[in-house]
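Below is one structure, written out as structure tokens; the observations come after it.
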Amino acid sequence: MKVFSSASNLQVLYEDNHLIIVNKRAGDIVQGDKTGDQPLSDIVKDYIKIKYNKPGNVFLGVVHRLDRPTTGLVIFARTSKALTRLNKLFVEKAIKKTYWAVVKNKPEKDQNTLVHWLKKNPKNNKSTAYPSEISDGKKAVLHYSLVKSLDNFHLLNIELETGRHHQIRCQLAKIGSPIKGDLKYGFDRSNKDGSIHLHARKVAFVHPVSKEVISVEAAPPKDAIWDACLNFIFVKCRISLRS
């Protein structure tokens, strides 16, 4: 899947002198890799260069990544000070990350904490989840809750404690609930655009420089399944406000 993006259609949800947070599209790679495709980091640099008429090279620090078929929030650092401090926040797990996932099979429990040990196979770029500690395995912890059951799919809200390779995809597949479109982890067919229905929905953290509390949400892509999920959320919010 190849996406040709540009600074003009970049969806920026937050920016200041130290940070910029964007809503990544499916198919974008966060940082350059062996494919040679233009990475999101370069697109953000172009956006900053054009908007602020910056001469020369633009500094931009990559502090975390999202899988290529995944959508949602990506945080970049615009200064070296912010980069160092954001890296520290990620190490200390001080950045709260919330994801949405649409899965094929409803989990046995409506809410649960999943604990596995993940082992990555670099040959096929895939992780395997084990129920107990194994050699070279990394502990992976996430919390999920069922938000809504649609006709054929189920929307889960997920909060990560750890950030392992393909963690959400691998752990949900392990309990028999593969993410819609995720052929690599057991879904039976791909999405037409090569995406998977995994979306980095929200980030919340204390700004590394100003110390203000930052909370940003990103809307998922436009399609029938995501639209049905959003409609339910909006209706639920309206009912809650009225009661």
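Chain identifiers are assigned as A, B, and so on, following the order in which chains appear in the structure tokens; residues are numbered from 1 within each chain, and ligands are numbered from 1 in order of appearance.
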Problem set entry | Sel. of strand (DSSP E or B) residues, range 55-218 of chain A, as JSON, numbers by chain | {"A": [61, 62, 71, 72, 73, 74, 75, 76, 77, 96, 97, 98, 99, 100, 101, 102, 103, 111, 112, 113, 114, 115, 116, 117, 118, 119, 120, 121, 126, 127, 128, 129, 130, 138, 139, 140, 141, 142, 143, 144, 145, 146, 147, 148, 149, 154, 155, 156, 157, 158, 159, 160, 179, 198, 199, 200, 201, 202, 203, 204, 205, 206, 213, 214, 215, 216, 217]}
For this session: Check the DSSP output for the backbone and give back, as an MDAnalysis selection string, the residues of range 14-215 of chain A in helix (DSSP H, G or I).
Result: chainID A and resid 40:51 80:91 167:174 183:185
Only C-alpha atoms, please: the residues just picked out, written as a tab-separated table (two decimals), in the first residue's frame.
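And here's selection20.tsv as it stands now:
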chain	number	residue	atom	x	y	z
A	40	LEU	CA	5.29	11.28	7.38
A	41	SER	CA	8.22	12.95	9.16
A	42	ASP	CA	9.33	14.53	5.86
A	43	ILE	CA	5.78	15.67	5.11
A	44	VAL	CA	5.59	17.38	8.51
A	45	LYS	CA	8.96	19.03	7.89
A	46	ASP	CA	7.66	20.39	4.58
A	47	TYR	CA	4.55	21.70	6.34
A	48	ILE	CA	6.64	23.55	8.95
A	49	LYS	CA	9.03	24.89	6.32
A	50	ILE	CA	6.21	26.28	4.20
A	51	LYS	CA	4.02	27.61	7.03
A	80	SER	CA	15.82	19.10	20.73
A	81	LYS	CA	14.69	20.03	24.25
A	82	ALA	CA	11.20	18.67	23.58
A	83	LEU	CA	12.62	15.54	21.94
A	84	THR	CA	14.73	14.65	24.98
A	85	ARG	CA	11.85	15.27	27.37
A	86	LEU	CA	9.25	13.46	25.25
A	87	ASN	CA	11.54	10.43	25.02
A	88	LYS	CA	11.75	10.48	28.81
A	89	LEU	CA	7.94	10.67	29.10
A	90	PHE	CA	7.57	7.64	26.84
A	91	VAL	CA	10.15	5.66	28.83
A	167	GLN	CA	1.19	-5.37	20.46
A	168	ILE	CA	-2.53	-4.62	20.05
A	169	ARG	CA	-2.80	-6.58	16.82
A	170	CYS	CA	-1.01	-9.59	18.27
A	171	GLN	CA	-2.73	-9.68	21.67
A	172	LEU	CA	-6.25	-9.28	20.27
A	173	ALA	CA	-5.57	-12.02	17.73
A	174	LYS	CA	-4.34	-14.25	20.55
A	183	LEU	CA	-4.54	-10.45	7.37
A	184	LYS	CA	-1.18	-10.78	9.13
A	185	TYR	CA	-2.90	-11.57	12.42
Exercise. Which residues come within 7 Å of range 141-151 of chain A, counting only C-alpha atoms, excluding same-chain residues fewer than 2 positions away, as a PyMOL selection string?
Worked result: chain A and resi 110-116+139+153-162
Problem set entry | One-decimal distance in Å that lies between CA of Pro39 in chain A and CA of Ala140 in chain A |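 Separating CA of Ala140 in chain A from CA of Pro39 in chain A is a distance of 27.4 Å.
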Problem set entry | A:Ile21, A:Val206, A:Lys106, A:Trp100 ranked by distance to Leu230 in chain A, top pick (using only C-alpha atoms) |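 Checking each of A:Ile21, A:Val206, A:Lys106, A:Trp100 against Leu230 in chain A, counting only C-alpha atoms, the winner is A:Trp100.
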